[in-house]
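Listing of structure-v4.cif; format and content: mmCIF, C-alpha atoms and all ligand atoms.
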```
data_model
loop_
_atom_site.label_atom_id
_atom_site.label_comp_id
_atom_site.auth_asym_id
_atom_site.auth_seq_id
_atom_site.Cartn_x
_atom_site.Cartn_y
_atom_site.Cartn_z
CA MET A 86 3.56 50.37 34.74
CA ALA A 87 6.24 47.74 34.33
CA THR A 88 4.89 44.20 34.63
CA LEU A 89 6.53 40.84 34.31
CA ASN A 90 5.34 38.24 31.81
CA LEU A 91 6.72 34.83 32.69
CA SER A 92 6.27 33.28 29.23
CA SER A 93 9.98 33.69 28.43
CA TYR A 94 10.94 31.43 31.34
CA THR A 95 10.81 27.66 31.41
CA VAL A 96 9.64 25.88 34.55
CA ARG A 97 13.25 24.84 35.16
CA GLN A 98 14.37 28.47 34.96
CA LEU A 99 11.75 29.56 37.46
CA MET A 100 13.05 26.85 39.78
CA GLU A 101 16.62 28.04 39.16
CA LEU A 102 15.68 31.47 40.46
CA ASP A 103 14.93 29.79 43.78
CA ALA A 104 17.83 27.35 43.56
CA CYS A 105 20.50 30.07 43.76
CA THR A 106 22.14 29.68 47.17
CA ARG A 107 23.71 33.17 47.10
CA CYS A 108 27.13 31.56 47.55
CA GLY A 109 28.70 34.27 45.38
CA GLU A 110 31.12 31.93 43.59
CA CYS A 111 29.98 33.31 40.22
CA ILE A 112 30.94 36.86 41.19
CA GLU A 113 34.63 35.94 41.38
CA TRP A 114 34.55 34.64 37.82
CA CYS A 115 32.47 37.28 36.06
CA PRO A 116 34.73 39.16 33.62
CA THR A 117 32.42 42.13 33.17
CA PHE A 118 31.82 42.68 36.88
CA ALA A 119 35.61 42.54 37.36
CA GLU A 120 35.85 45.61 35.12
CA LYS A 121 32.75 47.43 36.35
CA GLN A 122 32.50 46.72 40.06
CA GLU A 123 30.39 49.79 40.68
CA LEU A 124 27.49 48.03 38.94
CA ASP A 125 26.33 45.27 41.27
CA ALA A 126 23.45 44.55 38.86
CA ILE A 127 25.89 42.75 36.52
CA THR A 128 26.58 39.93 38.93
CA PRO A 129 24.72 36.67 38.35
CA LEU A 130 23.65 36.62 41.97
CA ARG A 131 22.04 40.07 41.77
CA LYS A 132 20.32 39.41 38.43
CA ILE A 133 18.75 36.27 39.84
CA GLU A 134 17.78 37.94 43.10
CA THR A 135 16.19 40.86 41.25
CA VAL A 136 14.05 38.70 39.00
CA ARG A 137 13.10 36.44 41.92
CA ASN A 138 11.82 39.55 43.71
CA PHE A 139 9.97 40.70 40.59
CA VAL A 140 8.29 37.29 40.35
CA ARG A 141 7.29 37.41 44.02
CA GLN A 142 5.88 40.92 43.68
CA GLN A 143 3.71 39.90 40.78
CA TYR A 144 2.97 36.23 41.32
CA GLY A 145 3.78 35.42 44.97
CA VAL A 146 1.31 34.63 47.76
CA TRP A 147 0.84 38.30 48.68
CA ALA A 148 0.21 39.15 45.02
CA ILE A 149 -2.44 36.40 44.86
CA LEU A 150 -4.09 37.60 48.06
CA PHE A 151 -3.83 41.36 47.65
CA GLY A 152 -3.01 41.93 43.99
CA ALA A 153 0.28 42.24 42.06
CA LYS A 154 2.62 45.09 42.99
CA PRO A 155 3.84 47.20 40.07
CA LEU A 156 7.57 46.84 39.46
CA ASP A 157 9.81 49.70 40.42
CA GLU A 158 10.79 51.31 37.09
CA GLU A 159 14.26 52.33 38.33
CA ALA A 160 14.90 48.77 39.49
CA VAL A 161 13.91 47.46 36.05
CA LYS A 162 16.23 49.98 34.36
CA THR A 163 19.18 49.01 36.57
CA HIS A 164 18.46 45.35 35.99
CA SER A 165 18.44 46.01 32.24
CA VAL A 166 21.88 47.64 32.35
CA GLY A 167 23.26 44.70 34.34
CA THR A 168 21.67 42.15 32.03
CA TYR A 169 22.94 43.76 28.83
CA ASP A 170 26.40 44.51 30.30
CA CYS A 171 26.98 40.75 30.25
CA THR A 172 28.96 39.06 27.48
CA LEU A 173 26.93 35.85 27.89
CA CYS A 174 30.29 34.13 28.28
CA GLY A 175 28.77 31.43 30.50
CA ARG A 176 31.71 31.36 32.91
CA CYS A 177 29.32 31.79 35.83
CA SER A 178 27.54 28.63 34.76
CA VAL A 179 30.73 26.54 34.92
CA VAL A 180 31.47 27.49 38.52
CA CYS A 181 27.90 27.49 39.86
CA PRO A 182 27.69 24.67 42.45
CA VAL A 183 23.97 24.14 41.81
CA HIS A 184 24.44 24.05 38.02
CA ILE A 185 22.21 26.96 37.08
CA ASP A 186 22.20 27.35 33.29
CA THR A 187 22.92 31.04 33.66
CA ARG A 188 23.50 31.95 30.01
CA ALA A 189 20.05 30.68 29.00
CA LEU A 190 18.58 32.46 32.01
CA TRP A 191 20.16 35.79 30.98
CA ILE A 192 18.68 35.42 27.49
CA SER A 193 15.22 34.82 28.98
CA MET A 194 15.69 37.92 31.14
CA ARG A 195 16.58 39.89 28.01
CA GLU A 196 13.42 38.64 26.29
CA THR A 197 11.39 39.95 29.21
CA LEU A 198 13.20 43.28 29.10
CA VAL A 199 12.50 43.61 25.38
CA GLU A 200 8.83 43.00 26.12
CA GLN A 201 8.99 45.68 28.81
CA GLY A 202 10.69 48.05 26.34
CA VAL A 203 13.76 48.50 28.57
CA TYR A 204 16.82 47.60 26.50
CA PRO A 205 19.76 49.39 24.78
CA GLU A 206 18.61 51.54 21.91
CA PRO A 207 21.16 50.28 19.32
CA LEU A 208 19.37 46.93 19.40
CA ASP A 209 16.44 48.47 17.50
CA HIS A 210 18.82 49.29 14.67
CA LEU A 211 20.26 45.78 14.79
CA ARG A 212 16.76 44.29 14.58
CA GLU A 213 15.91 46.43 11.59
CA MET A 214 19.13 45.56 9.76
CA VAL A 215 18.77 41.81 10.27
CA THR A 216 15.09 41.64 9.36
CA THR A 217 15.18 44.00 6.37
CA ARG A 218 18.78 43.89 5.04
CA TYR A 219 19.48 40.32 6.24
CA ASN A 220 22.84 41.18 7.80
CA ILE A 221 24.09 43.01 10.88
CA SER A 222 25.88 45.84 9.07
CA GLY A 223 23.03 46.99 6.82
CA ASP A 224 25.11 46.39 3.69
CA ASP A 225 23.51 45.28 0.44
CA ASN A 226 23.15 41.52 0.99
CA ALA A 227 23.97 40.93 -2.68
CA GLU A 228 27.55 41.95 -1.76
CA ARG A 229 28.04 38.96 0.53
CA LEU A 230 30.94 37.64 -1.52
CA ILE A 231 32.88 40.89 -1.61
CA TRP A 232 35.66 39.22 0.43
CA SER A 233 36.37 36.92 -2.53
CA GLN A 234 37.23 39.75 -4.93
CA ASN A 235 40.93 39.76 -4.15
CA LEU A 236 41.41 36.00 -4.29
CA PRO A 237 43.97 35.23 -7.03
CA GLU A 238 41.25 33.25 -8.79
CA VAL A 239 37.61 32.80 -7.77
CA PRO A 240 37.05 29.02 -7.37
CA GLU A 241 33.91 27.22 -8.57
CA GLY A 242 32.74 26.75 -4.98
CA VAL A 243 32.73 30.51 -4.39
CA LYS A 244 30.97 31.16 -7.70
CA GLY A 245 28.18 29.10 -6.12
CA LYS A 246 27.68 25.50 -7.24
CA GLU A 247 24.05 24.39 -7.07
CA GLN A 248 24.92 21.03 -5.48
CA ALA A 249 27.84 20.27 -3.14
CA GLU A 250 28.78 18.08 -0.21
CA VAL A 251 29.60 21.06 2.02
CA VAL A 252 28.00 24.48 2.36
CA TYR A 253 30.38 27.00 3.84
CA PHE A 254 28.39 29.57 5.83
CA VAL A 255 30.56 32.70 5.90
CA GLY A 256 28.60 34.75 8.47
CA CYS A 257 27.99 38.51 8.55
CA VAL A 258 31.34 39.56 10.03
CA GLY A 259 33.43 37.47 7.62
CA SER A 260 31.31 38.73 4.72
CA PHE A 261 31.20 42.45 5.42
CA TYR A 262 34.02 43.50 7.77
CA PRO A 263 37.27 43.94 5.79
CA GLN A 264 39.37 43.15 8.86
CA SER A 265 37.86 39.63 8.81
CA TYR A 266 37.97 38.91 5.06
CA GLY A 267 41.13 36.85 5.64
CA ILE A 268 39.09 34.16 7.42
CA PRO A 269 36.78 33.13 4.53
CA GLN A 270 39.69 33.61 2.12
CA SER A 271 41.76 31.16 4.21
CA MET A 272 38.87 28.71 4.51
CA VAL A 273 38.50 28.65 0.74
CA GLU A 274 42.24 28.13 0.31
CA ILE A 275 42.19 25.22 2.79
CA MET A 276 39.14 23.55 1.22
CA GLU A 277 40.61 23.92 -2.28
CA HIS A 278 43.91 22.45 -1.08
CA ALA A 279 42.16 19.44 0.44
CA GLY A 280 39.82 18.93 -2.53
CA VAL A 281 36.60 19.56 -0.57
CA ASP A 282 33.43 19.69 -2.68
CA TYR A 283 31.94 22.92 -1.30
CA THR A 284 29.74 25.84 -2.19
CA VAL A 285 28.65 29.13 -0.60
CA LEU A 286 25.19 30.68 -0.57
CA GLY A 287 26.15 34.21 -1.69
CA GLU A 288 23.21 36.58 -1.38
CA GLU A 289 21.00 33.67 -0.29
CA GLU A 290 22.96 33.60 2.97
CA ARG A 291 21.25 35.65 5.65
CA CYS A 292 22.33 36.51 9.18
CA CYS A 293 22.09 33.30 11.24
CA GLY A 294 19.85 35.14 13.73
CA PHE A 295 22.24 34.79 16.68
CA PRO A 296 22.53 38.55 17.41
CA LEU A 297 18.74 38.80 17.69
CA ILE A 298 18.40 35.64 19.76
CA ILE A 299 20.90 36.87 22.36
CA ALA A 300 19.41 40.37 22.30
CA GLY A 301 16.15 38.83 23.54
CA MET A 302 14.52 39.29 20.12
CA GLY A 303 14.57 35.66 19.03
CA ASP A 304 11.03 35.72 17.63
CA GLU A 305 12.22 38.14 14.97
CA ALA A 306 14.89 35.70 13.81
CA VAL A 307 12.58 32.87 12.75
CA GLU A 308 12.19 34.10 9.17
CA VAL A 309 15.94 34.31 8.43
CA ILE A 310 16.41 30.92 10.09
CA ARG A 311 13.80 29.25 7.85
CA HIS A 312 15.29 30.90 4.79
CA ASN A 313 18.84 29.73 5.61
CA VAL A 314 17.81 26.14 6.26
CA GLU A 315 15.86 25.93 2.99
CA ALA A 316 18.78 27.44 1.06
CA VAL A 317 21.14 24.76 2.40
CA ARG A 318 18.66 21.93 1.82
CA LYS A 319 18.42 22.91 -1.87
CA THR A 320 22.14 22.18 -2.32
CA GLY A 321 21.77 18.61 -1.07
CA ALA A 322 24.72 19.24 1.28
CA ARG A 323 25.68 16.70 3.93
CA TYR A 324 27.55 19.30 5.98
CA LEU A 325 27.10 22.93 6.91
CA VAL A 326 30.43 24.45 7.99
CA ALA A 327 30.74 27.75 9.85
CA SER A 328 33.94 29.49 10.89
CA CYS A 329 32.03 31.78 13.27
CA PRO A 330 31.37 30.00 16.61
CA SER A 331 28.15 31.93 17.15
CA CYS A 332 26.80 30.92 13.72
CA TYR A 333 27.96 27.36 14.46
CA HIS A 334 26.27 27.26 17.84
CA THR A 335 23.06 28.74 16.47
CA TRP A 336 22.88 26.36 13.52
CA LYS A 337 23.74 23.30 15.57
CA HIS A 338 21.92 23.89 18.83
CA GLU A 339 19.26 26.57 18.25
CA TYR A 340 17.92 25.90 14.75
CA PRO A 341 16.55 22.38 15.38
CA HIS A 342 14.98 23.58 18.62
CA ILE A 343 13.44 26.73 17.08
CA LEU A 344 12.15 24.94 13.96
CA GLY A 345 11.10 21.83 15.87
CA GLU A 346 12.68 19.52 13.29
CA GLU A 347 16.01 17.94 12.30
CA LEU A 348 18.01 19.92 9.77
CA GLY A 349 18.87 16.92 7.58
CA PHE A 350 22.59 17.73 7.46
CA GLU A 351 25.43 17.85 9.97
CA VAL A 352 26.76 21.14 11.33
CA LEU A 353 30.52 21.49 11.82
CA HIS A 354 32.79 24.26 12.97
CA SER A 355 35.66 25.03 10.59
CA THR A 356 38.18 23.61 13.08
CA GLU A 357 36.25 20.32 13.20
CA LEU A 358 36.33 20.11 9.39
CA ILE A 359 40.06 20.94 9.27
CA ASP A 360 40.84 18.49 12.08
CA GLY A 361 39.07 15.78 10.06
CA LEU A 362 40.95 16.71 6.87
CA ILE A 363 44.27 16.46 8.74
CA SER A 364 43.33 13.03 10.13
CA GLU A 365 42.50 11.85 6.60
CA GLY A 366 45.96 12.99 5.45
CA ARG A 367 44.52 15.66 3.15
CA LEU A 368 46.45 18.57 4.65
CA HIS A 369 50.17 18.86 5.41
CA PHE A 370 52.04 21.77 6.95
CA LYS A 371 55.39 23.49 6.65
CA PRO A 372 57.28 23.39 9.96
CA MET A 373 57.79 26.45 12.16
CA ARG A 374 60.92 27.19 14.13
CA GLY A 375 60.01 26.78 17.79
CA GLU A 376 57.60 29.74 17.92
CA ILE A 377 55.33 29.91 20.94
CA VAL A 378 51.64 29.72 20.02
CA THR A 379 48.70 30.13 22.37
CA TYR A 380 44.96 29.71 21.85
CA HIS A 381 41.94 31.64 23.06
CA ASP A 382 38.75 29.55 23.42
CA PRO A 383 35.78 31.48 21.95
CA CYS A 384 32.91 31.26 24.47
CA ASP A 385 30.39 30.06 21.88
CA LEU A 386 32.73 27.34 20.64
CA GLY A 387 34.11 26.16 23.98
CA ARG A 388 31.81 26.65 26.96
CA THR A 389 28.60 26.94 24.98
CA SER A 390 29.22 24.20 22.39
CA GLY A 391 31.84 21.97 24.05
CA VAL A 392 34.37 22.17 21.17
CA TYR A 393 37.78 22.41 22.85
CA GLU A 394 40.07 19.87 21.25
CA PRO A 395 39.61 20.22 17.45
CA PRO A 396 41.23 23.70 17.32
CA ARG A 397 44.07 22.50 19.57
CA ASN A 398 44.55 19.38 17.41
CA VAL A 399 44.77 21.59 14.32
CA ILE A 400 47.29 24.00 15.87
CA THR A 401 49.53 21.28 17.25
CA SER A 402 49.55 19.53 13.86
CA VAL A 403 51.93 22.22 12.65
CA PRO A 404 55.40 20.80 13.25
CA GLY A 405 57.89 22.79 15.30
CA ILE A 406 55.56 25.00 17.32
CA GLU A 407 55.58 25.26 21.08
CA PHE A 408 51.97 25.32 22.26
CA VAL A 409 51.37 27.08 25.58
CA GLU A 410 48.01 27.47 27.31
CA MET A 411 47.03 30.77 28.86
CA ARG A 412 46.35 30.98 32.59
CA ASP A 413 42.59 30.56 32.00
CA HIS A 414 41.68 28.04 29.33
CA HIS A 415 39.12 25.44 28.27
CA GLU A 416 35.91 25.88 30.31
CA TYR A 417 37.54 28.52 32.54
CA SER A 418 38.73 30.58 29.58
CA LEU A 419 38.36 34.32 29.99
CA CYS A 420 36.00 36.03 27.56
CA CYS A 421 37.47 38.35 24.88
CA GLY A 422 34.83 40.98 25.70
CA GLY A 423 33.26 40.79 22.25
CA GLY A 424 30.23 38.64 23.07
CA GLY A 425 26.65 39.20 24.15
CA ASP A 426 26.13 42.36 22.05
CA VAL A 427 28.02 44.18 24.88
CA GLU A 428 29.95 46.26 22.36
CA MET A 429 26.62 47.83 21.42
CA ALA A 430 25.63 48.42 25.05
CA ASP A 431 29.02 49.48 26.48
CA LYS A 432 32.08 49.71 24.21
CA ALA A 433 34.47 50.67 27.02
CA LEU A 434 33.47 47.63 29.08
CA SER A 435 34.01 45.31 26.12
CA ALA A 436 37.49 46.82 25.59
CA ALA A 437 38.40 46.48 29.28
CA VAL A 438 37.58 42.74 29.24
CA ALA A 439 39.67 42.31 26.08
CA ASP A 440 42.59 44.15 27.71
CA ARG A 441 42.57 41.67 30.59
CA ARG A 442 42.64 38.72 28.20
CA ILE A 443 45.51 40.15 26.16
CA SER A 444 47.55 40.49 29.35
CA GLN A 445 47.11 36.72 29.86
CA ALA A 446 48.34 36.13 26.30
CA LYS A 447 51.36 38.33 27.03
CA GLU A 448 52.27 36.17 30.04
CA THR A 449 52.76 33.18 27.73
CA GLN A 450 55.30 35.13 25.63
CA ALA A 451 53.50 33.79 22.58
CA LYS A 452 54.36 35.11 19.15
CA TYR A 453 50.96 33.99 17.90
CA LEU A 454 47.64 34.30 19.67
CA LEU A 455 45.12 32.20 17.79
CA SER A 456 41.38 31.99 18.15
CA ALA A 457 38.68 30.34 16.09
CA CYS A 458 36.32 33.28 15.84
CA GLN A 459 36.33 36.49 13.80
CA GLN A 460 34.95 38.48 16.71
CA CYS A 461 37.55 37.24 19.21
CA THR A 462 40.41 37.93 16.78
CA ARG A 463 39.05 41.42 16.13
CA THR A 464 38.62 42.37 19.79
CA LEU A 465 41.92 40.79 20.86
CA ALA A 466 43.85 42.41 17.99
CA GLY A 467 42.40 45.75 19.12
CA ALA A 468 43.50 45.06 22.71
CA ALA A 469 47.01 44.07 21.53
CA ARG A 470 47.28 47.38 19.64
CA ARG A 471 45.98 49.46 22.57
CA ASN A 472 48.30 47.78 25.04
CA LYS A 473 51.30 47.59 22.69
CA VAL A 474 51.57 43.82 23.14
CA ARG A 475 53.75 42.29 20.44
CA VAL A 476 51.69 39.27 19.43
CA ARG A 477 50.19 38.32 16.09
CA VAL A 478 46.48 37.70 16.55
CA MET A 479 44.81 35.55 13.93
CA ASP A 480 42.16 32.94 13.34
CA VAL A 481 43.19 29.26 13.29
CA THR A 482 42.09 29.10 9.63
CA GLN A 483 44.50 31.92 8.72
CA PHE A 484 47.32 30.23 10.62
CA VAL A 485 46.62 26.94 8.84
CA ALA A 486 46.39 28.54 5.38
CA ARG A 487 49.79 30.20 5.72
CA GLN A 488 51.42 26.92 6.81
CA LEU A 489 49.96 24.80 3.99
CA GLU A 490 52.58 22.77 2.21
S1 LIG B 1 27.73 35.16 31.47
FE1 LIG B 1 29.83 35.94 31.82
S2 LIG B 1 29.63 38.18 31.84
FE2 LIG B 1 27.57 37.32 32.07
S3 LIG B 1 27.21 37.24 34.29
FE3 LIG B 1 28.05 35.23 33.68
S4 LIG B 1 30.26 35.42 33.96
FE4 LIG B 1 29.41 37.51 33.98
S1 LIG B 2 27.31 30.48 41.83
FE1 LIG B 2 25.20 29.81 41.36
S2 LIG B 2 24.28 29.47 43.38
FE2 LIG B 2 26.13 30.68 43.76
S3 LIG B 2 25.40 32.82 43.78
FE3 LIG B 2 26.07 32.36 41.69
S4 LIG B 2 24.22 31.71 40.58
FE4 LIG B 2 23.77 31.60 42.82
#
```
Let's see the structure in the file written out as structure tokens.
Amino acid sequence: MATLNLSSYTVRQLMELDACTRCGECIEWCPTFAEKQELDAITPLRKIETVRNFVRQQYGVWAILFGAKPLDEEAVKTHSVGTYDCTLCGRCSVVCPVHIDTRALWISMRETLVEQGVYPEPLDHLREMVTTRYNISGDDNAERLIWSQNLPEVPEGVKGKEQAEVVYFVGCVGSFYPQSYGIPQSMVEIMEHAGVDYTVLGEEERCCGFPLIIAGMGDEAVEVIRHNVEAVRKTGARYLVASCPSCYHTWKHEYPHILGEELGFEVLHSTELIDGLISEGRLHFKPMRGEIVTYHDPCDLGRTSGVYEPPRNVITSVPGIEFVEMRDHHEYSLCCGGGGDVEMADKALSAAVADRRISQAKETQAKYLLSACQQCTRTLAGAARRNKVRVRVMDVTQFVARQLE
């Protein structure tokens, strides 16, 4: 019998379930519902309404008087599909007139679904990989620096200095997915060029825990989180820099909350570090010849973390480019389809969302579509290939590295 444990919800979230006015504004803006309109359960409004009903059935006045009603198993299953077919892009939160923190609410719903045992099967594999292999791909974690093998020369920082001012946290995708090796390679090139005192953790780096947190399995991430924080503290670093927005968000906003203590160092996204290096006059760029460049805001960097301007400052520091925004940008930016573990739950849906975003990039006539996330660049590059859109998709770090003077 499916029951509902409310321990995943904060008091505020329980109030938010009642605060929803059913205005439907969020439905217009939901990128996954736009591609899968047959599944009403995806919409924020329906997810909230469903859980509100579950709460009433189990904890409402009638439940108190006459006993809790068991939850309808089919309703729980449908709710699970809707909740995991969500990229956690947070767009619904931006447009909600009563300011419901929807993304956090969806994660709490996922936690409840995990407890009920109603979640996509591939998440079990993900949990096992992160907790036993310490990365999302199940590779040997000792191979974390494999991306550095074809650098012309392996710098001291990549060999792993014991003490440094900056720890560069590469992240699982940059470490193990060949398509993304160019991002850490570019970061290293940029930091070397600017004379940054940095190191990497090598096999001591473990998954940041983000994929488990958003899967609703956050409790299982605590061990890797503790390990990562201790590994950085040992280096005496003043800064932890991540080029993955999800790692960045997790380090900056989730770690202190989960551990209940300050980290003792500052967390920066790679674009914030590069923006600072440009301001200090430590990086200079070769000019381009009037090429149009556009930028895709990663959800976890923009909406979720509020970092909008540093990547734009970096891009527009390259002389001679014409920077053009896409139709949806900043807090209204359309998701790339790669977030929220949706690729694991529904690959076709993830691809459909990416296809819509690439059509917005095409409208700008940009030669370069930049993002600041390995996952966004991967999903958008795939969409460009599928749709035969002639645009070069790359990470801001790669763009910067190739323009270094
Ligand atoms: S977070 Fe994004 S995908 Fe999920 S319900 Fe909100 S708008 Fe839709
Ligand atoms: S926009 Fe907010 S209040 Fe309106 S239906 Fe969506 S979640 Fe409810």
- [ ] Have a look at A:Tyr283, A:Tyr380, A:Trp232, A:Phe151 and name the one nearest to A:Val251; count all atoms listed in the file.
- [x] A:Tyr283
Distance filter 10 Å around ligand LIG 1 (chain B), atoms: all atoms listed in the file, out as a PDB file with C-alpha atoms, keeping the file's coordinate frame:
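See part.pdb below for the written result:
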```pdb
ATOM      1  CA  CYS A 111      29.980  33.310  40.220  1.00  0.00           C
ATOM      2  CA  ILE A 112      30.940  36.860  41.190  1.00  0.00           C
ATOM      3  CA  GLU A 113      34.630  35.940  41.380  1.00  0.00           C
ATOM      4  CA  TRP A 114      34.550  34.640  37.820  1.00  0.00           C
ATOM      5  CA  CYS A 115      32.470  37.280  36.060  1.00  0.00           C
ATOM      6  CA  PRO A 116      34.730  39.160  33.620  1.00  0.00           C
ATOM      7  CA  THR A 117      32.420  42.130  33.170  1.00  0.00           C
ATOM      8  CA  PHE A 118      31.820  42.680  36.880  1.00  0.00           C
ATOM      9  CA  ALA A 119      35.610  42.540  37.360  1.00  0.00           C
ATOM     10  CA  ALA A 126      23.450  44.550  38.860  1.00  0.00           C
ATOM     11  CA  ILE A 127      25.890  42.750  36.520  1.00  0.00           C
ATOM     12  CA  THR A 128      26.580  39.930  38.930  1.00  0.00           C
ATOM     13  CA  PRO A 129      24.720  36.670  38.350  1.00  0.00           C
ATOM     14  CA  LEU A 130      23.650  36.620  41.970  1.00  0.00           C
ATOM     15  CA  ARG A 131      22.040  40.070  41.770  1.00  0.00           C
ATOM     16  CA  LYS A 132      20.320  39.410  38.430  1.00  0.00           C
ATOM     17  CA  GLY A 167      23.260  44.700  34.340  1.00  0.00           C
ATOM     18  CA  THR A 168      21.670  42.150  32.030  1.00  0.00           C
ATOM     19  CA  TYR A 169      22.940  43.760  28.830  1.00  0.00           C
ATOM     20  CA  ASP A 170      26.400  44.510  30.300  1.00  0.00           C
ATOM     21  CA  CYS A 171      26.980  40.750  30.250  1.00  0.00           C
ATOM     22  CA  THR A 172      28.960  39.060  27.480  1.00  0.00           C
ATOM     23  CA  LEU A 173      26.930  35.850  27.890  1.00  0.00           C
ATOM     24  CA  CYS A 174      30.290  34.130  28.280  1.00  0.00           C
ATOM     25  CA  GLY A 175      28.770  31.430  30.500  1.00  0.00           C
ATOM     26  CA  ARG A 176      31.710  31.360  32.910  1.00  0.00           C
ATOM     27  CA  CYS A 177      29.320  31.790  35.830  1.00  0.00           C
ATOM     28  CA  SER A 178      27.540  28.630  34.760  1.00  0.00           C
ATOM     29  CA  VAL A 179      30.730  26.540  34.920  1.00  0.00           C
ATOM     30  CA  VAL A 180      31.470  27.490  38.520  1.00  0.00           C
ATOM     31  CA  CYS A 181      27.900  27.490  39.860  1.00  0.00           C
ATOM     32  CA  ASP A 186      22.200  27.350  33.290  1.00  0.00           C
ATOM     33  CA  THR A 187      22.920  31.040  33.660  1.00  0.00           C
ATOM     34  CA  ARG A 188      23.500  31.950  30.010  1.00  0.00           C
ATOM     35  CA  ALA A 189      20.050  30.680  29.000  1.00  0.00           C
ATOM     36  CA  LEU A 190      18.580  32.460  32.010  1.00  0.00           C
ATOM     37  CA  TRP A 191      20.160  35.790  30.980  1.00  0.00           C
ATOM     38  CA  ILE A 192      18.680  35.420  27.490  1.00  0.00           C
ATOM     39  CA  CYS A 384      32.910  31.260  24.470  1.00  0.00           C
ATOM     40  CA  LEU A 419      38.360  34.320  29.990  1.00  0.00           C
ATOM     41  CA  CYS A 420      36.000  36.030  27.560  1.00  0.00           C
ATOM     42  CA  GLY A 422      34.830  40.980  25.700  1.00  0.00           C
ATOM     43  CA  GLY A 424      30.230  38.640  23.070  1.00  0.00           C
ATOM     44  CA  GLY A 425      26.650  39.200  24.150  1.00  0.00           C
ATOM     45  CA  VAL A 427      28.020  44.180  24.880  1.00  0.00           C
ATOM     46  CA  VAL A 438      37.580  42.740  29.240  1.00  0.00           C
TER      47      VAL A 438
END
```
TODO: Counting only C-alpha atoms, figure out which residue out of A:Gly303, A:Gly280, A:Gly202, A:Gly223 gets nearest to A:Ser93.
DONE: A:Gly303
- [ ] For atom CA of A:Ser435 and atom CA of A:Glu120, quote the distance in Å rounded to one decimal.
- [x] 9.2 Å
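When the distance limit is 12 Å and all atoms listed in the file are what count, the residues near A:Gly391, minus those fewer than 4 positions from it on the same chain, are Gly175, Val179, Pro330, Tyr333, His334, Lys337, His338, His354, Glu357, Asp382, Pro383, Cys384, Asp385, Leu386, Gly387, Pro395, Pro396, His415 and Glu416 of chain A.
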Task: Distance query A:Val317 at most 9 Å, only C-alpha atoms, self and fewer than 4 positions along chain excluded, as a PyMOL selection string - done: chain A and resi 252+286+312-313+321-322+325+350
- [ ] Between A:Pro296, A:Gly301, A:Pro240, A:Gly349, single out the one closest to A:Gln270, counting only C-alpha atoms.
- [x] A:Pro240
Task: Which of A:Thr135, A:Gln122, A:Thr379, A:Ser402 sits closest to A:Ser364 [using only C-alpha atoms] - done: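 Looking at the shortest contact to A:Ser364, the residue is A:Ser402.
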- [ ] May I have the residues within 10 Å of stretch 139-143 of chain A as a PyMOL selection string, using all atoms listed in the file and disregarding those fewer than 6 positions away in the same chain?
- [x] chain A and resi 88-91+99+102+133+149+152-157+160-161
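With atom CA of A:Ile275 on one side and atom CA of A:Leu454 on the other, the separation reads 19.9 Å.
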- [ ] Have a look at atom CA of A:Asp304 and atom CA of A:Pro341 and let me know their distance in Å, one decimal.
- [x]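 Computed distance, atom CA of A:Asp304 to atom CA of A:Pro341, equals 14.6 Å.
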Enclose all atoms of stretch 387-404 of chain A listed in the file in an axis-aligned box, grow every side by 6 Å, and hand back centre and edge lengths in Å to one decimal, as lines of an AutoDock Vina configuration file.
```
center_x = 42.0
center_y = 23.2
center_z = 19.8
size_x = 38.8
size_y = 19.6
size_z = 26.3
```
Would you output stretch 463-482 of chain A from that structure, restricted to C-alpha atoms, as a JSON list (two decimals), in the first residue's frame?
```
[["chain", "number", "residue", "atom", "x", "y", "z"],
["A", 463, "ARG", "CA", 26.72, 17.99, -25.47],
["A", 464, "THR", "CA", 22.93, 18.02, -25.82],
["A", 465, "LEU", "CA", 22.90, 21.13, -28.02],
["A", 466, "ALA", "CA", 25.67, 19.79, -30.28],
["A", 467, "GLY", "CA", 23.57, 16.63, -30.69],
["A", 468, "ALA", "CA", 20.52, 18.72, -31.58],
["A", 469, "ALA", "CA", 22.54, 20.77, -34.10],
["A", 470, "ARG", "CA", 23.68, 17.54, -35.78],
["A", 471, "ARG", "CA", 20.18, 16.02, -35.85],
["A", 472, "ASN", "CA", 18.63, 19.18, -37.25],
["A", 473, "LYS", "CA", 21.51, 20.00, -39.61],
["A", 474, "VAL", "CA", 21.96, 23.46, -38.08],
["A", 475, "ARG", "CA", 25.30, 24.95, -39.07],
["A", 476, "VAL", "CA", 26.51, 26.33, -35.75],
["A", 477, "ARG", "CA", 29.62, 25.53, -33.74],
["A", 478, "VAL", "CA", 28.59, 24.55, -30.23],
["A", 479, "MET", "CA", 31.22, 24.91, -27.55],
["A", 480, "ASP", "CA", 31.83, 25.79, -23.95],
["A", 481, "VAL", "CA", 32.88, 29.36, -23.09],
["A", 482, "THR", "CA", 36.21, 27.97, -21.79]]
```
